[in-house]
Structure formats: structure tokens, C-alpha cells
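Peer 1: So here's model.pdb, just PDB, C-alpha atoms:
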ATOM      1  CA  MET A1070       0.000   0.000   0.000  1.00  0.00           C
ATOM      2  CA  LYS A1071       1.273   3.441  -0.868  1.00  0.00           C
ATOM      3  CA  THR A1072       1.872   6.133   1.706  1.00  0.00           C
ATOM      4  CA  SER A1073      -1.082   8.428   2.177  1.00  0.00           C
ATOM      5  CA  LYS A1074      -0.905  11.815   0.524  1.00  0.00           C
ATOM      6  CA  ASN A1075      -2.729  14.967   1.520  1.00  0.00           C
ATOM      7  CA  ILE A1076      -4.282  15.881  -1.815  1.00  0.00           C
ATOM      8  CA  THR A1077      -6.953  18.517  -2.360  1.00  0.00           C
ATOM      9  CA  PHE A1078      -9.351  18.899  -5.256  1.00  0.00           C
ATOM     10  CA  PRO A1079     -10.693  22.467  -4.957  1.00  0.00           C
ATOM     11  CA  LYS A1080     -12.602  22.425  -8.277  1.00  0.00           C
ATOM     12  CA  LEU A1081     -14.834  19.564  -7.128  1.00  0.00           C
ATOM     13  CA  GLU A1082     -16.504  21.320  -4.190  1.00  0.00           C
ATOM     14  CA  ASN A1083     -17.721  17.905  -3.039  1.00  0.00           C
ATOM     15  CA  GLU A1084     -16.237  16.429   0.136  1.00  0.00           C
ATOM     16  CA  PHE A1085     -17.665  12.927  -0.438  1.00  0.00           C
ATOM     17  CA  LEU A1086     -16.053  12.663  -3.868  1.00  0.00           C
ATOM     18  CA  GLU A1087     -12.789  14.227  -2.678  1.00  0.00           C
ATOM     19  CA  ASN A1088     -12.413  11.530  -0.008  1.00  0.00           C
ATOM     20  CA  ILE A1089     -13.027   8.774  -2.557  1.00  0.00           C
ATOM     21  CA  LEU A1090     -10.493  10.272  -4.974  1.00  0.00           C
ATOM     22  CA  ARG A1091      -7.854  10.503  -2.228  1.00  0.00           C
ATOM     23  CA  GLN A1092      -8.363   6.786  -1.550  1.00  0.00           C
ATOM     24  CA  LEU A1093      -8.092   5.995  -5.268  1.00  0.00           C
ATOM     25  CA  VAL A1094      -4.820   7.878  -5.586  1.00  0.00           C
ATOM     26  CA  ASN A1095      -3.391   6.023  -2.597  1.00  0.00           C
ATOM     27  CA  GLN A1096      -4.600   2.562  -3.665  1.00  0.00           C
ATOM     28  CA  HIS A1097      -4.275   2.558  -7.486  1.00  0.00           C
ATOM     29  CA  ASN A1098      -1.975   3.868 -10.193  1.00  0.00           C
ATOM     30  CA  ILE A1099      -3.943   6.952 -11.165  1.00  0.00           C
ATOM     31  CA  ILE A1100      -2.083   8.996 -13.774  1.00  0.00           C
ATOM     32  CA  GLN A1101      -4.376  11.988 -14.220  1.00  0.00           C
ATOM     33  CA  MET A1102      -7.820  13.292 -13.313  1.00  0.00           C
ATOM     34  CA  PHE A1103      -9.813  15.818 -15.299  1.00  0.00           C
ATOM     35  CA  PHE A1104     -12.960  17.535 -14.059  1.00  0.00           C
ATOM     36  CA  THR A1105     -15.249  19.593 -16.271  1.00  0.00           C
ATOM     37  CA  LYS A1106     -18.137  21.334 -14.559  1.00  0.00           C
ATOM     38  CA  ASN A1107     -20.927  21.866 -17.057  1.00  0.00           C
ATOM     39  CA  THR A1108     -23.218  24.771 -16.460  1.00  0.00           C
ATOM     40  CA  SER A1109     -25.283  24.247 -19.600  1.00  0.00           C
ATOM     41  CA  SER A1110     -25.974  20.531 -19.238  1.00  0.00           C
ATOM     42  CA  LEU A1111     -27.190  18.491 -16.317  1.00  0.00           C
ATOM     43  CA  PHE A1112     -24.023  16.460 -15.689  1.00  0.00           C
ATOM     44  CA  SER A1113     -20.433  17.378 -14.957  1.00  0.00           C
ATOM     45  CA  HIS A1114     -17.668  15.003 -16.066  1.00  0.00           C
ATOM     46  CA  LEU A1115     -14.810  13.454 -14.127  1.00  0.00           C
ATOM     47  CA  ILE A1116     -12.319  11.529 -16.263  1.00  0.00           C
ATOM     48  CA  ILE A1117      -9.841   9.362 -14.377  1.00  0.00           C
ATOM     49  CA  HIS A1118      -6.847   8.147 -16.359  1.00  0.00           C
ATOM     50  CA  THR A1119      -5.464   4.859 -14.972  1.00  0.00           C
ATOM     51  CA  GLU A1120      -2.404   2.873 -15.936  1.00  0.00           C
ATOM     52  CA  LYS A1121      -4.086  -0.505 -16.591  1.00  0.00           C
ATOM     53  CA  ASN A1122      -7.272  -1.615 -18.319  1.00  0.00           C
ATOM     54  CA  SER A1123      -8.110  -3.996 -15.469  1.00  0.00           C
ATOM     55  CA  ASP A1124      -8.040  -1.087 -12.981  1.00  0.00           C
ATOM     56  CA  ALA A1125     -10.280   1.016 -15.212  1.00  0.00           C
ATOM     57  CA  GLN A1126     -12.836  -1.774 -15.612  1.00  0.00           C
ATOM     58  CA  GLU A1127     -12.824  -2.684 -11.930  1.00  0.00           C
ATOM     59  CA  LEU A1128     -13.202   0.912 -10.758  1.00  0.00           C
ATOM     60  CA  GLN A1129     -15.980   1.695 -13.255  1.00  0.00           C
ATOM     61  CA  GLN A1130     -18.088  -1.064 -11.639  1.00  0.00           C
ATOM     62  CA  ARG A1131     -17.836   0.330  -8.111  1.00  0.00           C
ATOM     63  CA  LYS A1132     -21.036   1.383  -6.332  1.00  0.00           C
ATOM     64  CA  TRP A1133     -19.822   4.902  -5.579  1.00  0.00           C
ATOM     65  CA  VAL A1134     -19.694   5.704  -9.327  1.00  0.00           C
ATOM     66  CA  LYS A1135     -23.479   5.284  -9.606  1.00  0.00           C
ATOM     67  CA  LYS A1136     -23.997   7.048  -6.293  1.00  0.00           C
ATOM     68  CA  VAL A1137     -22.017  10.106  -7.459  1.00  0.00           C
ATOM     69  CA  ARG A1138     -23.948  10.148 -10.748  1.00  0.00           C
ATOM     70  CA  ASN A1139     -27.357   9.942  -9.089  1.00  0.00           C
ATOM     71  CA  ARG A1140     -26.703  12.197  -6.112  1.00  0.00           C
ATOM     72  CA  TYR A1141     -24.322  14.824  -7.438  1.00  0.00           C
ATOM     73  CA  GLN A1142     -24.896  14.684 -11.233  1.00  0.00           C
ATOM     74  CA  ILE A1143     -21.251  13.887 -11.982  1.00  0.00           C
ATOM     75  CA  ASP A1144     -20.459  11.283 -14.636  1.00  0.00           C
ATOM     76  CA  VAL A1145     -17.280   9.400 -13.750  1.00  0.00           C
ATOM     77  CA  TYR A1146     -15.321   7.774 -16.591  1.00  0.00           C
ATOM     78  CA  PHE A1147     -12.245   5.599 -16.214  1.00  0.00           C
ATOM     79  CA  ILE A1148      -9.884   5.314 -19.152  1.00  0.00           C
ATOM     80  CA  TYR A1149      -6.606   3.420 -19.287  1.00  0.00           C
ATOM     81  CA  SER A1150      -3.355   4.680 -20.826  1.00  0.00           C
ATOM     82  CA  VAL A1151      -3.336   2.741 -24.097  1.00  0.00           C
ATOM     83  CA  LYS A1152      -6.927   3.701 -24.926  1.00  0.00           C
ATOM     84  CA  PHE A1153      -6.334   7.314 -23.852  1.00  0.00           C
ATOM     85  CA  GLN A1154      -3.291   7.681 -26.083  1.00  0.00           C
ATOM     86  CA  HIS A1155      -5.015   5.912 -28.984  1.00  0.00           C
ATOM     87  CA  LYS A1156      -8.063   8.206 -28.850  1.00  0.00           C
ATOM     88  CA  PHE A1157      -5.763  11.207 -28.469  1.00  0.00           C
ATOM     89  CA  SER A1158      -3.763  10.217 -31.555  1.00  0.00           C
ATOM     90  CA  LEU A1159      -6.973   9.770 -33.569  1.00  0.00           C
ATOM     91  CA  GLY A1160      -8.240  13.247 -32.684  1.00  0.00           C
ATOM     92  CA  HIS A1161     -11.270  11.950 -30.778  1.00  0.00           C
ATOM     93  CA  PRO A1162     -13.406  14.936 -29.700  1.00  0.00           C
ATOM     94  CA  PHE A1163     -14.171  13.487 -26.239  1.00  0.00           C
ATOM     95  CA  ILE A1164     -10.502  13.538 -25.266  1.00  0.00           C
ATOM     96  CA  GLU A1165      -9.894  16.949 -26.805  1.00  0.00           C
ATOM     97  CA  PHE A1166     -12.883  18.541 -25.098  1.00  0.00           C
ATOM     98  CA  TYR A1167     -12.789  17.020 -21.605  1.00  0.00           C
ATOM     99  CA  CYS A1168      -9.048  16.429 -21.077  1.00  0.00           C
ATOM    100  CA  GLN A1169      -7.722  19.967 -21.366  1.00  0.00           C
ATOM    101  CA  PRO A1170      -4.949  21.331 -19.131  1.00  0.00           C
ATOM    102  CA  SER A1171      -7.488  23.717 -17.571  1.00  0.00           C
ATOM    103  CA  ALA A1172      -9.583  20.712 -16.445  1.00  0.00           C
ATOM    104  CA  LEU A1173      -6.646  18.880 -14.837  1.00  0.00           C
ATOM    105  CA  ILE A1174      -7.216  18.445 -11.099  1.00  0.00           C
ATOM    106  CA  TYR A1175      -4.569  15.788 -10.393  1.00  0.00           C
ATOM    107  CA  GLN A1176      -1.427  14.512 -12.075  1.00  0.00           C
ATOM    108  CA  ASN A1177       0.856  11.805 -10.743  1.00  0.00           C
ATOM    109  CA  GLU A1178       4.373  13.187 -11.145  1.00  0.00           C
ATOM    110  CA  GLU A1179       5.955   9.838 -10.177  1.00  0.00           C
ATOM    111  CA  LEU A1180       4.617   8.010 -13.230  1.00  0.00           C
ATOM    112  CA  GLY A1181       6.552  10.294 -15.538  1.00  0.00           C
ATOM    113  CA  ASP A1182       5.329  10.686 -19.109  1.00  0.00           C
ATOM    114  CA  SER A1183       1.723  11.810 -18.716  1.00  0.00           C
ATOM    115  CA  PRO A1184       0.207  13.295 -21.832  1.00  0.00           C
ATOM    116  CA  ILE A1185      -1.602  16.589 -21.467  1.00  0.00           C
ATOM    117  CA  ILE A1186      -3.680  17.708 -24.375  1.00  0.00           C
ATOM    118  CA  GLY A1187      -2.487  21.035 -25.649  1.00  0.00           C
ATOM    119  CA  TRP A1188      -1.823  20.975 -29.332  1.00  0.00           C
ATOM    120  CA  SER A1189      -2.639  23.754 -31.745  1.00  0.00           C
ATOM    121  CA  TRP A1190      -6.041  24.148 -33.380  1.00  0.00           C
ATOM    122  CA  LYS A1191      -4.640  23.463 -36.881  1.00  0.00           C
ATOM    123  CA  LYS A1192      -3.069  20.194 -35.806  1.00  0.00           C
ATOM    124  CA  TYR A1193      -6.197  19.090 -33.934  1.00  0.00           C
ATOM    125  CA  LYS A1194      -8.531  20.113 -36.762  1.00  0.00           C
ATOM    126  CA  LYS A1195      -6.556  17.996 -39.225  1.00  0.00           C
ATOM    127  CA  LYS A1196      -6.814  14.920 -36.957  1.00  0.00           C
ATOM    128  CA  PHE A1197     -10.469  15.648 -36.178  1.00  0.00           C
ATOM    129  CA  ASN A1198     -11.367  15.888 -39.885  1.00  0.00           C
ATOM    130  CA  ILE A1199      -9.817  12.454 -40.474  1.00  0.00           C
ATOM    131  CA  PHE A1200     -11.693  11.098 -37.434  1.00  0.00           C
ATOM    132  CA  GLN A1201     -14.952  12.619 -38.704  1.00  0.00           C
ATOM    133  CA  GLU A1202     -14.528  11.183 -42.220  1.00  0.00           C
ATOM    134  CA  ARG A1203     -13.855   7.722 -40.789  1.00  0.00           C
ATOM    135  CA  PHE A1204     -16.868   7.983 -38.464  1.00  0.00           C
ATOM    136  CA  TYR A1205     -19.311   9.070 -41.172  1.00  0.00           C
ATOM    137  CA  HIS A1206     -17.944   6.538 -43.639  1.00  0.00           C
ATOM    138  CA  ASP A1207     -18.615   3.709 -41.187  1.00  0.00           C
ATOM    139  CA  HIS A1208     -21.977   5.210 -40.240  1.00  0.00           C
ATOM    140  CA  ASP A1209     -23.108   5.539 -43.868  1.00  0.00           C
ATOM    141  CA  LEU A1210     -21.897   2.025 -44.671  1.00  0.00           C
ATOM    142  CA  HIS A1211     -23.830   0.597 -41.724  1.00  0.00           C
ATOM    143  CA  LYS A1212     -26.925   2.632 -42.631  1.00  0.00           C
ATOM    144  CA  SER A1213     -26.909   1.353 -46.234  1.00  0.00           C
ATOM    145  CA  GLN A1214     -26.522  -2.265 -45.068  1.00  0.00           C
ATOM    146  CA  VAL A1215     -29.477  -1.884 -42.703  1.00  0.00           C
ATOM    147  CA  GLN A1216     -31.616  -0.366 -45.453  1.00  0.00           C
ATOM    148  CA  ASN A1217     -30.786  -3.299 -47.742  1.00  0.00           C
ATOM    149  CA  LEU A1218     -32.181  -5.682 -45.153  1.00  0.00           C
TER     150      LEU A1218
END
Could I get this file's structure written as C-alpha cells?
Peer 2:
Amino acid sequence: MKTSKNITFPKLENEFLENILRQLVNQHNIIQMFFTKNTSSLFSHLIIHTEKNSDAQELQQRKWVKKVRNRYQIDVYFIYSVKFQHKFSLGHPFIEFYCQPSALIYQNEELGDSPIIGWSWKKYKKKFNIFQERFYHDHDLHKSQVQNL
């Protein structure tokens, strides 16, 4: 078990969730956490970047995730490193929108190379356009196959 750290999450403004996140940081290899408070939609988003897929899957199934969603209107997503970097390299809009440096509330300095999204608009737009073309191509292909049935 890792030594306990006194970590604060001032953007959360939720003591229940802060205590859970402190436990997560002390018990698992958490690389980064991003929190986006949405004023226009009902739910805020907390993205927790873990090192391993097994950790991400296990943590996503915990009871407190549903409790936080129902009680505090915060969606909690766990994503592991390989998937995070893959979606980032593809220009996936979810990663670009929710995992900005301004949304970063925790970063594990000990784990070293932690990607922070921060590329230029031109570079992102190029990757996003490729992502969008691939998405609509697959969508249109699927739609035509369904119509043929």
C-alpha cells in the first residue's frame, strides 16, 4: 500500500467525492484526473486516467460511481493509458474537449510521461477531420446495409 498523501481537489466542491479520490490515488496507479463542470448541461464530467485496463474496468463497476452520478450529477469515466493515447492520436473529440490542461485536477508526477492535451487548433482540426470522415464513412456504410435488409 502506498503512503497516504494529503491531496486537495478544490474544483470539485464535493467532500464525499474528494475523499473517494484521495483513496483511489493512494490505492491505485492513477495517472491523471480531469474535471469539467458543465453549467449548460445536467451532468459534470470526471475523467480518471489509470495505468491498466483492469483497474479502469474494476473501478468503473464500483457502487460509488453510480452514487455520485445519481446524487451529485457527476459522470465518472475511467480510461486506461493505451486507450487514452489511442483516442488522443486519432483526434477523438471526447478527449480533446474534456481532457484539457485547464480541467486537470490531479497529475501523478511519479509516473513520468503523462500526456496533457495542448496541441494547436490546426493540428487538432486535421486529426479531427480524419476522425470525422472515418466515423461518417462507417456510419453511412452501416446505414446502407441496414436499409438493404
Peer 1: Using the chain letters and numbers from the file, which residues does the PyMOL selection byres ((chain A and resi 1144) around 8) grab, as a ChimeraX atom specification?
Peer 2: /A:1112-1115,1134,1137-1138,1142-1143,1145-1146
Peer 1: So what do you get for atom CA of A:His1161 versus atom CA of A:Tyr1193, distance-wise?
Peer 2: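 For atom CA of A:His1161 relative to atom CA of A:Tyr1193, the distance reads 9.3 Å.
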Peer 1: Would you mind reading off the distance between atom CA of A:Gln1169 and atom CA of A:Gln1092, one decimal, in Å?
Peer 2: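 These atoms are spaced 23.8 Å apart.
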Peer 1: Between atom CA of A:Leu1081 and atom CA of A:Gln1129, what is the distance in Å, rounded to a tenth?
Peer 2: 18.9 Å
Peer 1: Go through A:Phe1153, A:Phe1085, A:Phe1200, A:Tyr1175 and flag the residue nearest A:Arg1140, using only C-alpha atoms for the distances.
Peer 2: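 Result for the nearest residue to A:Arg1140: A:Phe1085.
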